[in-house]
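Participant: coords.cif is reproduced below (mmCIF, N, CA, C and O atoms).
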data_coords
loop_
_atom_site.group_PDB
_atom_site.id
_atom_site.type_symbol
_atom_site.label_atom_id
_atom_site.label_comp_id
_atom_site.auth_asym_id
_atom_site.auth_seq_id
_atom_site.Cartn_x
_atom_site.Cartn_y
_atom_site.Cartn_z
ATOM 1 N N GLU A 475 0.827 -1.202 0.000
ATOM 2 C CA GLU A 475 0.000 0.000 0.000
ATOM 3 C C GLU A 475 0.868 1.262 0.000
ATOM 4 O O GLU A 475 0.560 2.216 -0.700
ATOM 5 N N SER A 476 1.955 1.255 0.765
ATOM 6 C CA SER A 476 2.808 2.447 0.784
ATOM 7 C C SER A 476 3.476 2.667 -0.571
ATOM 8 O O SER A 476 3.663 3.805 -1.002
ATOM 9 N N TRP A 477 3.826 1.578 -1.271
ATOM 10 C CA TRP A 477 4.399 1.705 -2.615
ATOM 11 C C TRP A 477 3.359 2.293 -3.572
ATOM 12 O O TRP A 477 3.679 3.176 -4.380
ATOM 13 N N THR A 478 2.125 1.821 -3.456
ATOM 14 C CA THR A 478 1.065 2.314 -4.333
ATOM 15 C C THR A 478 0.840 3.808 -4.123
ATOM 16 O O THR A 478 0.793 4.581 -5.082
ATOM 17 N N GLU A 479 0.693 4.230 -2.874
ATOM 18 C CA GLU A 479 0.381 5.633 -2.585
ATOM 19 C C GLU A 479 1.605 6.550 -2.650
ATOM 20 O O GLU A 479 1.476 7.720 -3.007
ATOM 21 N N GLY A 480 2.773 6.022 -2.302
ATOM 22 C CA GLY A 480 3.971 6.866 -2.270
ATOM 23 C C GLY A 480 4.726 6.941 -3.579
ATOM 24 O O GLY A 480 5.498 7.874 -3.802
ATOM 25 N N PHE A 481 4.531 5.959 -4.454
ATOM 26 C CA PHE A 481 5.267 5.941 -5.711
ATOM 27 C C PHE A 481 4.347 5.830 -6.930
ATOM 28 O O PHE A 481 4.346 6.690 -7.804
ATOM 29 N N LEU A 482 3.582 4.752 -6.998
ATOM 30 C CA LEU A 482 2.793 4.465 -8.199
ATOM 31 C C LEU A 482 1.787 5.567 -8.530
ATOM 32 O O LEU A 482 1.771 6.092 -9.645
ATOM 33 N N ARG A 483 0.946 5.914 -7.568
ATOM 34 C CA ARG A 483 -0.090 6.919 -7.842
ATOM 35 C C ARG A 483 0.517 8.270 -8.236
ATOM 36 O O ARG A 483 0.089 8.872 -9.235
ATOM 37 N N PRO A 484 1.548 8.772 -7.540
ATOM 38 C CA PRO A 484 2.152 10.043 -7.972
ATOM 39 C C PRO A 484 2.767 9.985 -9.377
ATOM 40 O O PRO A 484 2.648 10.936 -10.152
ATOM 41 N N ILE A 485 3.388 8.863 -9.723
ATOM 42 C CA ILE A 485 3.992 8.728 -11.049
ATOM 43 C C ILE A 485 2.918 8.747 -12.137
ATOM 44 O O ILE A 485 3.060 9.428 -13.162
ATOM 45 N N ILE A 486 1.839 8.021 -11.909
ATOM 46 C CA ILE A 486 0.771 7.974 -12.919
ATOM 47 C C ILE A 486 0.059 9.322 -13.003
ATOM 48 O O ILE A 486 -0.278 9.783 -14.098
ATOM 49 N N ARG A 487 -0.137 9.994 -11.882
ATOM 50 C CA ARG A 487 -0.741 11.346 -11.920
ATOM 51 C C ARG A 487 0.132 12.295 -12.732
ATOM 52 O O ARG A 487 -0.364 13.085 -13.528
ATOM 53 N N GLN A 488 1.442 12.236 -12.491
ATOM 54 C CA GLN A 488 2.374 13.118 -13.213
ATOM 55 C C GLN A 488 2.352 12.813 -14.710
ATOM 56 O O GLN A 488 2.338 13.730 -15.535
ATOM 57 N N ALA A 489 2.316 11.529 -15.056
ATOM 58 C CA ALA A 489 2.235 11.155 -16.470
ATOM 59 C C ALA A 489 0.964 11.727 -17.094
ATOM 60 O O ALA A 489 0.981 12.230 -18.220
ATOM 61 N N ARG A 490 -0.125 11.673 -16.350
ATOM 62 C CA ARG A 490 -1.412 12.188 -16.848
ATOM 63 C C ARG A 490 -1.332 13.682 -17.136
ATOM 64 O O ARG A 490 -1.878 14.163 -18.128
ATOM 65 N N THR A 491 -0.653 14.426 -16.295
ATOM 66 C CA THR A 491 -0.560 15.876 -16.503
ATOM 67 C C THR A 491 0.389 16.229 -17.656
ATOM 68 O O THR A 491 0.256 17.293 -18.239
ATOM 69 N N CYS A 492 1.333 15.357 -17.963
ATOM 70 C CA CYS A 492 2.316 15.630 -19.018
ATOM 71 C C CYS A 492 1.858 15.215 -20.412
ATOM 72 O O CYS A 492 2.366 15.726 -21.400
ATOM 73 N N LEU A 493 0.942 14.280 -20.479
ATOM 74 C CA LEU A 493 0.526 13.750 -21.779
ATOM 75 C C LEU A 493 -0.563 14.613 -22.419
ATOM 76 O O LEU A 493 -1.428 15.143 -21.730
ATOM 77 N N PRO A 494 -0.533 14.707 -23.743
ATOM 78 C CA PRO A 494 -1.593 15.452 -24.431
ATOM 79 C C PRO A 494 -2.884 14.639 -24.454
ATOM 80 O O PRO A 494 -2.887 13.447 -24.133
ATOM 81 N N ALA A 495 -3.976 15.286 -24.843
ATOM 82 C CA ALA A 495 -5.243 14.568 -24.998
ATOM 83 C C ALA A 495 -5.025 13.381 -25.924
ATOM 84 O O ALA A 495 -4.338 13.496 -26.936
ATOM 85 N N ARG A 496 -5.557 12.242 -25.532
ATOM 86 C CA ARG A 496 -5.435 10.988 -26.279
ATOM 87 C C ARG A 496 -4.000 10.469 -26.348
ATOM 88 O O ARG A 496 -3.674 9.613 -27.156
ATOM 89 N N GLY A 497 -3.128 11.008 -25.469
ATOM 90 C CA GLY A 497 -1.755 10.514 -25.384
ATOM 91 C C GLY A 497 -1.725 9.121 -24.768
ATOM 92 O O GLY A 497 -2.703 8.673 -24.169
ATOM 93 N N HIS A 498 -0.613 8.434 -24.907
ATOM 94 C CA HIS A 498 -0.491 7.054 -24.450
ATOM 95 C C HIS A 498 0.530 6.899 -23.328
ATOM 96 O O HIS A 498 1.561 7.563 -23.327
ATOM 97 N N LEU A 499 0.208 6.013 -22.420
ATOM 98 C CA LEU A 499 1.102 5.611 -21.338
ATOM 99 C C LEU A 499 1.303 4.109 -21.492
ATOM 100 O O LEU A 499 0.332 3.350 -21.563
ATOM 101 N N VAL A 500 2.556 3.682 -21.595
ATOM 102 C CA VAL A 500 2.873 2.267 -21.772
ATOM 103 C C VAL A 500 3.812 1.855 -20.642
ATOM 104 O O VAL A 500 4.864 2.461 -20.453
ATOM 105 N N LEU A 501 3.394 0.848 -19.875
ATOM 106 C CA LEU A 501 4.164 0.414 -18.713
ATOM 107 C C LEU A 501 4.457 -1.079 -18.762
ATOM 108 O O LEU A 501 3.573 -1.890 -19.041
ATOM 109 N N ASN A 502 5.700 -1.421 -18.476
ATOM 110 C CA ASN A 502 6.118 -2.817 -18.351
ATOM 111 C C ASN A 502 6.071 -3.152 -16.865
ATOM 112 O O ASN A 502 6.834 -2.621 -16.077
ATOM 113 N N VAL A 503 5.121 -3.989 -16.481
ATOM 114 C CA VAL A 503 4.957 -4.375 -15.078
ATOM 115 C C VAL A 503 4.775 -5.883 -14.991
ATOM 116 O O VAL A 503 4.482 -6.530 -15.982
ATOM 117 N N ALA A 504 4.952 -6.401 -13.804
ATOM 118 C CA ALA A 504 4.699 -7.828 -13.596
ATOM 119 C C ALA A 504 4.348 -8.054 -12.134
ATOM 120 O O ALA A 504 4.835 -7.346 -11.253
ATOM 121 N N ASP A 505 3.488 -9.019 -11.901
ATOM 122 C CA ASP A 505 3.180 -9.407 -10.531
ATOM 123 C C ASP A 505 4.441 -9.987 -9.896
ATOM 124 O O ASP A 505 5.316 -10.521 -10.592
ATOM 125 N N ILE A 506 4.530 -9.872 -8.593
ATOM 126 C CA ILE A 506 5.678 -10.415 -7.860
ATOM 127 C C ILE A 506 5.241 -11.705 -7.185
ATOM 128 O O ILE A 506 4.215 -11.742 -6.496
ATOM 129 N N HIS A 507 6.001 -12.750 -7.406
ATOM 130 C CA HIS A 507 5.734 -14.047 -6.788
ATOM 131 C C HIS A 507 6.887 -14.335 -5.824
ATOM 132 O O HIS A 507 8.027 -14.451 -6.250
ATOM 133 N N GLU A 508 6.538 -14.406 -4.542
ATOM 134 C CA GLU A 508 7.581 -14.576 -3.538
ATOM 135 C C GLU A 508 7.069 -15.402 -2.373
ATOM 136 O O GLU A 508 6.023 -15.089 -1.801
ATOM 137 N N ARG A 509 7.794 -16.441 -2.051
ATOM 138 C CA ARG A 509 7.465 -17.310 -0.913
ATOM 139 C C ARG A 509 6.017 -17.805 -0.947
ATOM 140 O O ARG A 509 5.314 -17.774 0.068
ATOM 141 N N GLY A 510 5.566 -18.192 -2.123
ATOM 142 C CA GLY A 510 4.220 -18.726 -2.241
ATOM 143 C C GLY A 510 3.123 -17.681 -2.281
ATOM 144 O O GLY A 510 1.946 -18.017 -2.330
ATOM 145 N N LYS A 511 3.485 -16.405 -2.252
ATOM 146 C CA LYS A 511 2.502 -15.321 -2.316
ATOM 147 C C LYS A 511 2.652 -14.564 -3.624
ATOM 148 O O LYS A 511 3.730 -14.499 -4.194
ATOM 149 N N THR A 512 1.553 -13.978 -4.052
ATOM 150 C CA THR A 512 1.577 -13.137 -5.241
ATOM 151 C C THR A 512 1.167 -11.723 -4.853
ATOM 152 O O THR A 512 0.148 -11.525 -4.201
ATOM 153 N N ILE A 513 1.975 -10.755 -5.256
ATOM 154 C CA ILE A 513 1.629 -9.345 -5.074
ATOM 155 C C ILE A 513 1.124 -8.865 -6.430
ATOM 156 O O ILE A 513 1.878 -8.843 -7.402
ATOM 157 N N PRO A 514 -0.156 -8.484 -6.517
ATOM 158 C CA PRO A 514 -0.788 -8.191 -7.813
ATOM 159 C C PRO A 514 -0.453 -6.792 -8.357
ATOM 160 O O PRO A 514 -1.311 -5.916 -8.446
ATOM 161 N N ILE A 515 0.792 -6.595 -8.738
ATOM 162 C CA ILE A 515 1.239 -5.296 -9.241
ATOM 163 C C ILE A 515 0.452 -4.882 -10.483
ATOM 164 O O ILE A 515 0.041 -3.732 -10.616
ATOM 165 N N THR A 516 0.237 -5.819 -11.399
ATOM 166 C CA THR A 516 -0.467 -5.499 -12.643
ATOM 167 C C THR A 516 -1.868 -4.956 -12.354
ATOM 168 O O THR A 516 -2.274 -3.928 -12.911
ATOM 169 N N ALA A 517 -2.596 -5.608 -11.481
ATOM 170 C CA ALA A 517 -3.948 -5.151 -11.140
ATOM 171 C C ALA A 517 -3.911 -3.784 -10.459
ATOM 172 O O ALA A 517 -4.780 -2.940 -10.714
ATOM 173 N N ARG A 518 -2.918 -3.557 -9.609
ATOM 174 C CA ARG A 518 -2.802 -2.245 -8.945
ATOM 175 C C ARG A 518 -2.551 -1.147 -9.960
ATOM 176 O O ARG A 518 -3.152 -0.067 -9.896
ATOM 177 N N VAL A 519 -1.641 -1.396 -10.898
ATOM 178 C CA VAL A 519 -1.340 -0.389 -11.919
ATOM 179 C C VAL A 519 -2.589 -0.095 -12.741
ATOM 180 O O VAL A 519 -2.910 1.076 -12.997
ATOM 181 N N MET A 520 -3.299 -1.118 -13.144
ATOM 182 C CA MET A 520 -4.519 -0.901 -13.937
ATOM 183 C C MET A 520 -5.554 -0.097 -13.157
ATOM 184 O O MET A 520 -6.164 0.831 -13.690
ATOM 185 N N SER A 521 -5.743 -0.432 -11.897
ATOM 186 C CA SER A 521 -6.720 0.264 -11.071
ATOM 187 C C SER A 521 -6.354 1.736 -10.893
ATOM 188 O O SER A 521 -7.198 2.622 -11.070
ATOM 189 N N VAL A 522 -5.108 2.001 -10.561
ATOM 190 C CA VAL A 522 -4.665 3.385 -10.338
ATOM 191 C C VAL A 522 -4.728 4.178 -11.642
ATOM 192 O O VAL A 522 -5.203 5.322 -11.658
ATOM 193 N N ALA A 523 -4.273 3.599 -12.732
ATOM 194 C CA ALA A 523 -4.279 4.323 -14.004
ATOM 195 C C ALA A 523 -5.708 4.669 -14.428
ATOM 196 O O ALA A 523 -5.976 5.800 -14.843
ATOM 197 N N CYS A 524 -6.610 3.720 -14.316
ATOM 198 C CA CYS A 524 -8.005 3.982 -14.710
ATOM 199 C C CYS A 524 -8.659 5.020 -13.805
ATOM 200 O O CYS A 524 -9.435 5.850 -14.271
ATOM 201 N N ALA A 525 -8.329 5.006 -12.523
ATOM 202 C CA ALA A 525 -8.874 5.994 -11.588
ATOM 203 C C ALA A 525 -8.271 7.380 -11.804
ATOM 204 O O ALA A 525 -8.821 8.377 -11.350
ATOM 205 N N THR A 526 -7.139 7.439 -12.506
ATOM 206 C CA THR A 526 -6.436 8.701 -12.718
ATOM 207 C C THR A 526 -6.767 9.334 -14.070
ATOM 208 O O THR A 526 -6.249 10.379 -14.403
ATOM 209 N N GLY A 527 -7.607 8.697 -14.859
ATOM 210 C CA GLY A 527 -8.012 9.300 -16.120
ATOM 211 C C GLY A 527 -7.478 8.608 -17.359
ATOM 212 O O GLY A 527 -7.461 9.201 -18.434
ATOM 213 N N PHE A 528 -7.048 7.371 -17.213
ATOM 214 C CA PHE A 528 -6.589 6.593 -18.359
ATOM 215 C C PHE A 528 -7.597 5.505 -18.681
ATOM 216 O O PHE A 528 -8.326 5.040 -17.817
ATOM 217 N N VAL A 529 -7.597 5.091 -19.943
ATOM 218 C CA VAL A 529 -8.395 3.957 -20.407
ATOM 219 C C VAL A 529 -7.408 2.864 -20.797
ATOM 220 O O VAL A 529 -6.446 3.131 -21.530
ATOM 221 N N HIS A 530 -7.641 1.660 -20.302
ATOM 222 C CA HIS A 530 -6.779 0.529 -20.673
ATOM 223 C C HIS A 530 -7.145 0.074 -22.075
ATOM 224 O O HIS A 530 -8.281 -0.311 -22.334
ATOM 225 N N LEU A 531 -6.189 0.138 -23.001
ATOM 226 C CA LEU A 531 -6.443 -0.257 -24.385
ATOM 227 C C LEU A 531 -6.136 -1.721 -24.635
ATOM 228 O O LEU A 531 -6.908 -2.424 -25.292
ATOM 229 N N GLU A 532 -4.987 -2.167 -24.145
ATOM 230 C CA GLU A 532 -4.608 -3.562 -24.358
ATOM 231 C C GLU A 532 -3.443 -3.940 -23.467
ATOM 232 O O GLU A 532 -2.779 -3.080 -22.894
ATOM 233 N N THR A 533 -3.230 -5.226 -23.369
ATOM 234 C CA THR A 533 -2.078 -5.767 -22.662
ATOM 235 C C THR A 533 -1.305 -6.620 -23.647
ATOM 236 O O THR A 533 -1.843 -7.581 -24.208
ATOM 237 N N LEU A 534 -0.062 -6.227 -23.878
ATOM 238 C CA LEU A 534 0.823 -6.982 -24.749
ATOM 239 C C LEU A 534 1.682 -7.895 -23.876
ATOM 240 O O LEU A 534 1.872 -7.615 -22.697
ATOM 241 N N LEU A 535 2.208 -8.939 -24.440
ATOM 242 C CA LEU A 535 3.113 -9.815 -23.704
ATOM 243 C C LEU A 535 4.502 -9.721 -24.307
ATOM 244 O O LEU A 535 4.694 -9.991 -25.493
ATOM 245 N N MET A 536 5.464 -9.304 -23.480
ATOM 246 C CA MET A 536 6.842 -9.174 -23.921
ATOM 247 C C MET A 536 7.615 -10.422 -23.507
ATOM 248 O O MET A 536 7.691 -10.736 -22.309
ATOM 249 N N PRO A 537 8.191 -11.140 -24.466
ATOM 250 C CA PRO A 537 8.987 -12.313 -24.104
ATOM 251 C C PRO A 537 10.213 -11.899 -23.288
ATOM 252 O O PRO A 537 10.824 -10.860 -23.541
ATOM 253 N N ILE A 538 10.537 -12.697 -22.296
ATOM 254 C CA ILE A 538 11.719 -12.444 -21.476
ATOM 255 C C ILE A 538 12.474 -13.756 -21.278
ATOM 256 O O ILE A 538 11.929 -14.837 -21.486
ATOM 257 N N ALA A 539 13.708 -13.640 -20.859
ATOM 258 C CA ALA A 539 14.490 -14.837 -20.547
ATOM 259 C C ALA A 539 13.828 -15.564 -19.386
ATOM 260 O O ALA A 539 13.346 -14.934 -18.437
ATOM 261 N N SER A 540 13.795 -16.856 -19.444
ATOM 262 C CA SER A 540 13.091 -17.619 -18.414
ATOM 263 C C SER A 540 13.993 -18.054 -17.256
ATOM 264 O O SER A 540 13.559 -18.784 -16.383
ATOM 265 N N ILE A 541 15.215 -17.586 -17.225
ATOM 266 C CA ILE A 541 16.127 -17.939 -16.139
ATOM 267 C C ILE A 541 15.592 -17.368 -14.823
ATOM 268 O O ILE A 541 15.343 -16.171 -14.696
ATOM 269 N N ASN A 542 15.385 -18.229 -13.844
ATOM 270 C CA ASN A 542 14.897 -17.828 -12.510
ATOM 271 C C ASN A 542 13.552 -17.118 -12.549
ATOM 272 O O ASN A 542 13.259 -16.282 -11.697
ATOM 273 N N ARG A 543 12.719 -17.419 -13.515
ATOM 274 C CA ARG A 543 11.407 -16.794 -13.614
ATOM 275 C C ARG A 543 10.350 -17.874 -13.757
ATOM 276 O O ARG A 543 10.596 -18.940 -14.271
ATOM 277 N N THR A 544 9.147 -17.519 -13.330
ATOM 278 C CA THR A 544 8.041 -18.470 -13.448
ATOM 279 C C THR A 544 7.298 -18.314 -14.768
ATOM 280 O O THR A 544 6.490 -19.156 -15.115
ATOM 281 N N SER A 545 7.558 -17.237 -15.491
ATOM 282 C CA SER A 545 6.859 -16.979 -16.741
ATOM 283 C C SER A 545 7.869 -16.591 -17.816
ATOM 284 O O SER A 545 8.920 -16.021 -17.515
ATOM 285 N N ALA A 546 7.540 -16.859 -19.057
ATOM 286 C CA ALA A 546 8.418 -16.504 -20.170
ATOM 287 C C ALA A 546 8.054 -15.151 -20.775
ATOM 288 O O ALA A 546 8.585 -14.758 -21.799
ATOM 289 N N SER A 547 7.138 -14.419 -20.131
ATOM 290 C CA SER A 547 6.753 -13.099 -20.639
ATOM 291 C C SER A 547 6.318 -12.193 -19.489
ATOM 292 O O SER A 547 6.029 -12.655 -18.392
ATOM 293 N N GLU A 548 6.321 -10.898 -19.793
ATOM 294 C CA GLU A 548 5.813 -9.896 -18.846
ATOM 295 C C GLU A 548 4.774 -9.056 -19.568
ATOM 296 O O GLU A 548 4.907 -8.797 -20.765
ATOM 297 N N PRO A 549 3.756 -8.609 -18.819
ATOM 298 C CA PRO A 549 2.738 -7.770 -19.462
ATOM 299 C C PRO A 549 3.234 -6.348 -19.713
ATOM 300 O O PRO A 549 3.961 -5.778 -18.903
ATOM 301 N N ILE A 550 2.847 -5.832 -20.850
ATOM 302 C CA ILE A 550 3.058 -4.419 -21.201
ATOM 303 C C ILE A 550 1.658 -3.815 -21.262
ATOM 304 O O ILE A 550 0.852 -4.162 -22.135
ATOM 305 N N LEU A 551 1.353 -2.941 -20.317
ATOM 306 C CA LEU A 551 0.032 -2.324 -20.256
ATOM 307 C C LEU A 551 0.001 -1.049 -21.083
ATOM 308 O O LEU A 551 0.859 -0.181 -20.933
ATOM 309 N N VAL A 552 -0.973 -0.940 -21.956
ATOM 310 C CA VAL A 552 -1.105 0.214 -22.839
ATOM 311 C C VAL A 552 -2.382 0.968 -22.460
ATOM 312 O O VAL A 552 -3.475 0.395 -22.487
ATOM 313 N N PHE A 553 -2.209 2.225 -22.093
ATOM 314 C CA PHE A 553 -3.320 3.096 -21.692
ATOM 315 C C PHE A 553 -3.378 4.306 -22.607
ATOM 316 O O PHE A 553 -2.370 4.706 -23.199
ATOM 317 N N ARG A 554 -4.545 4.929 -22.688
ATOM 318 C CA ARG A 554 -4.714 6.203 -23.395
ATOM 319 C C ARG A 554 -5.401 7.173 -22.453
ATOM 320 O O ARG A 554 -6.258 6.785 -21.651
ATOM 321 N N VAL A 555 -5.029 8.435 -22.547
ATOM 322 C CA VAL A 555 -5.692 9.465 -21.758
ATOM 323 C C VAL A 555 -7.147 9.522 -22.195
ATOM 324 O O VAL A 555 -7.460 9.523 -23.378
ATOM 325 N N ARG A 556 -8.042 9.538 -21.185
ATOM 326 C CA ARG A 556 -9.487 9.624 -21.484
ATOM 327 C C ARG A 556 -9.838 10.938 -22.121
ATOM 328 O O ARG A 556 -9.284 11.949 -21.899
#
Starting from the file, lay out its structure as structure tokens.

Facilitator:
Amino acid sequence: ESWTEGFLRPIIRQARTCLPARGHLVLNVADIHERGKTIPITARVMSVACATGFVHLETLLMPIASINRTSASEPILVFRVR
């Protein structure tokens, strides 16, 4: 919660003020899997961005090296200013 309010929300708000109408915000994020728990970073980013005036357009999958990872890709979230 402190990361969301202290970092994520301010960054997305600032991006919103800097982008022109119908401008795009593209973020490479991934959920964190640690000690059998999942921290839903992707869902948090989507929620904060949509609440800040963005529309989620699509989620792309970027292939990544699978060394020490549970997935072979990471989501790339694509938003547009409402």

Participant: From the DSSP assignment of the backbone, select every residue of range 505-540 of chain A that is helix (DSSP H, G or I), and format the answer as an mmCIF file with N, CA, C and O atoms, keeping the file's coordinate frame.

Facilitator:
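out23.cif written:
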data_model
loop_
_atom_site.group_PDB
_atom_site.id
_atom_site.type_symbol
_atom_site.label_atom_id
_atom_site.label_comp_id
_atom_site.auth_asym_id
_atom_site.auth_seq_id
_atom_site.Cartn_x
_atom_site.Cartn_y
_atom_site.Cartn_z
ATOM 1 N N ILE A 515 0.792 -6.595 -8.738
ATOM 2 C CA ILE A 515 1.239 -5.296 -9.241
ATOM 3 C C ILE A 515 0.452 -4.882 -10.483
ATOM 4 O O ILE A 515 0.041 -3.732 -10.616
ATOM 5 N N THR A 516 0.237 -5.819 -11.399
ATOM 6 C CA THR A 516 -0.467 -5.499 -12.643
ATOM 7 C C THR A 516 -1.868 -4.956 -12.354
ATOM 8 O O THR A 516 -2.274 -3.928 -12.911
ATOM 9 N N ALA A 517 -2.596 -5.608 -11.481
ATOM 10 C CA ALA A 517 -3.948 -5.151 -11.140
ATOM 11 C C ALA A 517 -3.911 -3.784 -10.459
ATOM 12 O O ALA A 517 -4.780 -2.940 -10.714
ATOM 13 N N ARG A 518 -2.918 -3.557 -9.609
ATOM 14 C CA ARG A 518 -2.802 -2.245 -8.945
ATOM 15 C C ARG A 518 -2.551 -1.147 -9.960
ATOM 16 O O ARG A 518 -3.152 -0.067 -9.896
ATOM 17 N N VAL A 519 -1.641 -1.396 -10.898
ATOM 18 C CA VAL A 519 -1.340 -0.389 -11.919
ATOM 19 C C VAL A 519 -2.589 -0.095 -12.741
ATOM 20 O O VAL A 519 -2.910 1.076 -12.997
ATOM 21 N N MET A 520 -3.299 -1.118 -13.144
ATOM 22 C CA MET A 520 -4.519 -0.901 -13.937
ATOM 23 C C MET A 520 -5.554 -0.097 -13.157
ATOM 24 O O MET A 520 -6.164 0.831 -13.690
ATOM 25 N N SER A 521 -5.743 -0.432 -11.897
ATOM 26 C CA SER A 521 -6.720 0.264 -11.071
ATOM 27 C C SER A 521 -6.354 1.736 -10.893
ATOM 28 O O SER A 521 -7.198 2.622 -11.070
ATOM 29 N N VAL A 522 -5.108 2.001 -10.561
ATOM 30 C CA VAL A 522 -4.665 3.385 -10.338
ATOM 31 C C VAL A 522 -4.728 4.178 -11.642
ATOM 32 O O VAL A 522 -5.203 5.322 -11.658
ATOM 33 N N ALA A 523 -4.273 3.599 -12.732
ATOM 34 C CA ALA A 523 -4.279 4.323 -14.004
ATOM 35 C C ALA A 523 -5.708 4.669 -14.428
ATOM 36 O O ALA A 523 -5.976 5.800 -14.843
ATOM 37 N N CYS A 524 -6.610 3.720 -14.316
ATOM 38 C CA CYS A 524 -8.005 3.982 -14.710
ATOM 39 C C CYS A 524 -8.659 5.020 -13.805
ATOM 40 O O CYS A 524 -9.435 5.850 -14.271
ATOM 41 N N ALA A 525 -8.329 5.006 -12.523
ATOM 42 C CA ALA A 525 -8.874 5.994 -11.588
ATOM 43 C C ALA A 525 -8.271 7.380 -11.804
ATOM 44 O O ALA A 525 -8.821 8.377 -11.350
#

Participant: What is the distance, in Å and to one decimal place, between CA of Gly527 in chain A and CA of Arg490 in chain A?

Facilitator: 7.2 Å

Participant: Report as a list in words the residues that result from applying the PyMOL selection byres (((chain A and resi 514-523 and name CA) around 7) and name CA) to the structure here.

Facilitator: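 Evaluating the PyMOL selection byres (((chain A and resi 514-523 and name CA) around 7) and name CA) on this file yields Arg483, Ile486, Val503, Ala504, Asp505, Ile506, Thr512, Ile513, Cys524, Ala525, Thr526, Gly527 and Phe528 of chain A.
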
Participant: Using DSSP assignments from the backbone, pull out every residue in range 488-552 of chain A that falls under strand (DSSP E or B) and give it to me as a compact mmCIF listing (two decimals) with N, CA, C and O atoms, in the frame of the given file.

Facilitator:
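Written out: part_33.txt:
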# COMPACT_ATOMS: atom_id res chain seq x y z
N HIS A 498 -0.61 8.43 -24.91
CA HIS A 498 -0.49 7.05 -24.45
C HIS A 498 0.53 6.90 -23.33
O HIS A 498 1.56 7.56 -23.33
N LEU A 499 0.21 6.01 -22.42
CA LEU A 499 1.10 5.61 -21.34
C LEU A 499 1.30 4.11 -21.49
O LEU A 499 0.33 3.35 -21.56
N VAL A 500 2.56 3.68 -21.60
CA VAL A 500 2.87 2.27 -21.77
C VAL A 500 3.81 1.86 -20.64
O VAL A 500 4.86 2.46 -20.45
N LEU A 501 3.39 0.85 -19.88
CA LEU A 501 4.16 0.41 -18.71
C LEU A 501 4.46 -1.08 -18.76
O LEU A 501 3.57 -1.89 -19.04
N ASN A 502 5.70 -1.42 -18.48
CA ASN A 502 6.12 -2.82 -18.35
C ASN A 502 6.07 -3.15 -16.86
O ASN A 502 6.83 -2.62 -16.08
N ILE A 506 4.53 -9.87 -8.59
CA ILE A 506 5.68 -10.42 -7.86
C ILE A 506 5.24 -11.70 -7.18
O ILE A 506 4.22 -11.74 -6.50
N HIS A 507 6.00 -12.75 -7.41
CA HIS A 507 5.73 -14.05 -6.79
C HIS A 507 6.89 -14.34 -5.82
O HIS A 507 8.03 -14.45 -6.25
N GLU A 508 6.54 -14.41 -4.54
CA GLU A 508 7.58 -14.58 -3.54
C GLU A 508 7.07 -15.40 -2.37
O GLU A 508 6.02 -15.09 -1.80
N LYS A 511 3.48 -16.40 -2.25
CA LYS A 511 2.50 -15.32 -2.32
C LYS A 511 2.65 -14.56 -3.62
O LYS A 511 3.73 -14.50 -4.19
N THR A 512 1.55 -13.98 -4.05
CA THR A 512 1.58 -13.14 -5.24
C THR A 512 1.17 -11.72 -4.85
O THR A 512 0.15 -11.52 -4.20
N ILE A 513 1.98 -10.76 -5.26
CA ILE A 513 1.63 -9.35 -5.07
C ILE A 513 1.12 -8.86 -6.43
O ILE A 513 1.88 -8.84 -7.40
N PHE A 528 -7.05 7.37 -17.21
CA PHE A 528 -6.59 6.59 -18.36
C PHE A 528 -7.60 5.50 -18.68
O PHE A 528 -8.33 5.04 -17.82
N VAL A 529 -7.60 5.09 -19.94
CA VAL A 529 -8.40 3.96 -20.41
C VAL A 529 -7.41 2.86 -20.80
O VAL A 529 -6.45 3.13 -21.53
N HIS A 530 -7.64 1.66 -20.30
CA HIS A 530 -6.78 0.53 -20.67
C HIS A 530 -7.14 0.07 -22.08
O HIS A 530 -8.28 -0.31 -22.33
N LEU A 531 -6.19 0.14 -23.00
CA LEU A 531 -6.44 -0.26 -24.38
C LEU A 531 -6.14 -1.72 -24.64
O LEU A 531 -6.91 -2.42 -25.29
N GLU A 532 -4.99 -2.17 -24.14
CA GLU A 532 -4.61 -3.56 -24.36
C GLU A 532 -3.44 -3.94 -23.47
O GLU A 532 -2.78 -3.08 -22.89
N THR A 533 -3.23 -5.23 -23.37
CA THR A 533 -2.08 -5.77 -22.66
C THR A 533 -1.30 -6.62 -23.65
O THR A 533 -1.84 -7.58 -24.21
N LEU A 534 -0.06 -6.23 -23.88
CA LEU A 534 0.82 -6.98 -24.75
C LEU A 534 1.68 -7.90 -23.88
O LEU A 534 1.87 -7.62 -22.70
N LEU A 535 2.21 -8.94 -24.44
CA LEU A 535 3.11 -9.82 -23.70
C LEU A 535 4.50 -9.72 -24.31
O LEU A 535 4.69 -9.99 -25.49
N MET A 536 5.46 -9.30 -23.48
CA MET A 536 6.84 -9.17 -23.92
C MET A 536 7.62 -10.42 -23.51
O MET A 536 7.69 -10.74 -22.31
N PRO A 537 8.19 -11.14 -24.47
CA PRO A 537 8.99 -12.31 -24.10
C PRO A 537 10.21 -11.90 -23.29
O PRO A 537 10.82 -10.86 -23.54
N SER A 547 7.14 -14.42 -20.13
CA SER A 547 6.75 -13.10 -20.64
C SER A 547 6.32 -12.19 -19.49
O SER A 547 6.03 -12.66 -18.39
N GLU A 548 6.32 -10.90 -19.79
CA GLU A 548 5.81 -9.90 -18.85
C GLU A 548 4.77 -9.06 -19.57
O GLU A 548 4.91 -8.80 -20.76
N PRO A 549 3.76 -8.61 -18.82
CA PRO A 549 2.74 -7.77 -19.46
C PRO A 549 3.23 -6.35 -19.71
O PRO A 549 3.96 -5.78 -18.90
N ILE A 550 2.85 -5.83 -20.85
CA ILE A 550 3.06 -4.42 -21.20
C ILE A 550 1.66 -3.82 -21.26
O ILE A 550 0.85 -4.16 -22.14
N LEU A 551 1.35 -2.94 -20.32
CA LEU A 551 0.03 -2.32 -20.26
C LEU A 551 0.00 -1.05 -21.08
O LEU A 551 0.86 -0.18 -20.93
N VAL A 552 -0.97 -0.94 -21.96
CA VAL A 552 -1.10 0.21 -22.84
C VAL A 552 -2.38 0.97 -22.46
O VAL A 552 -3.48 0.40 -22.49
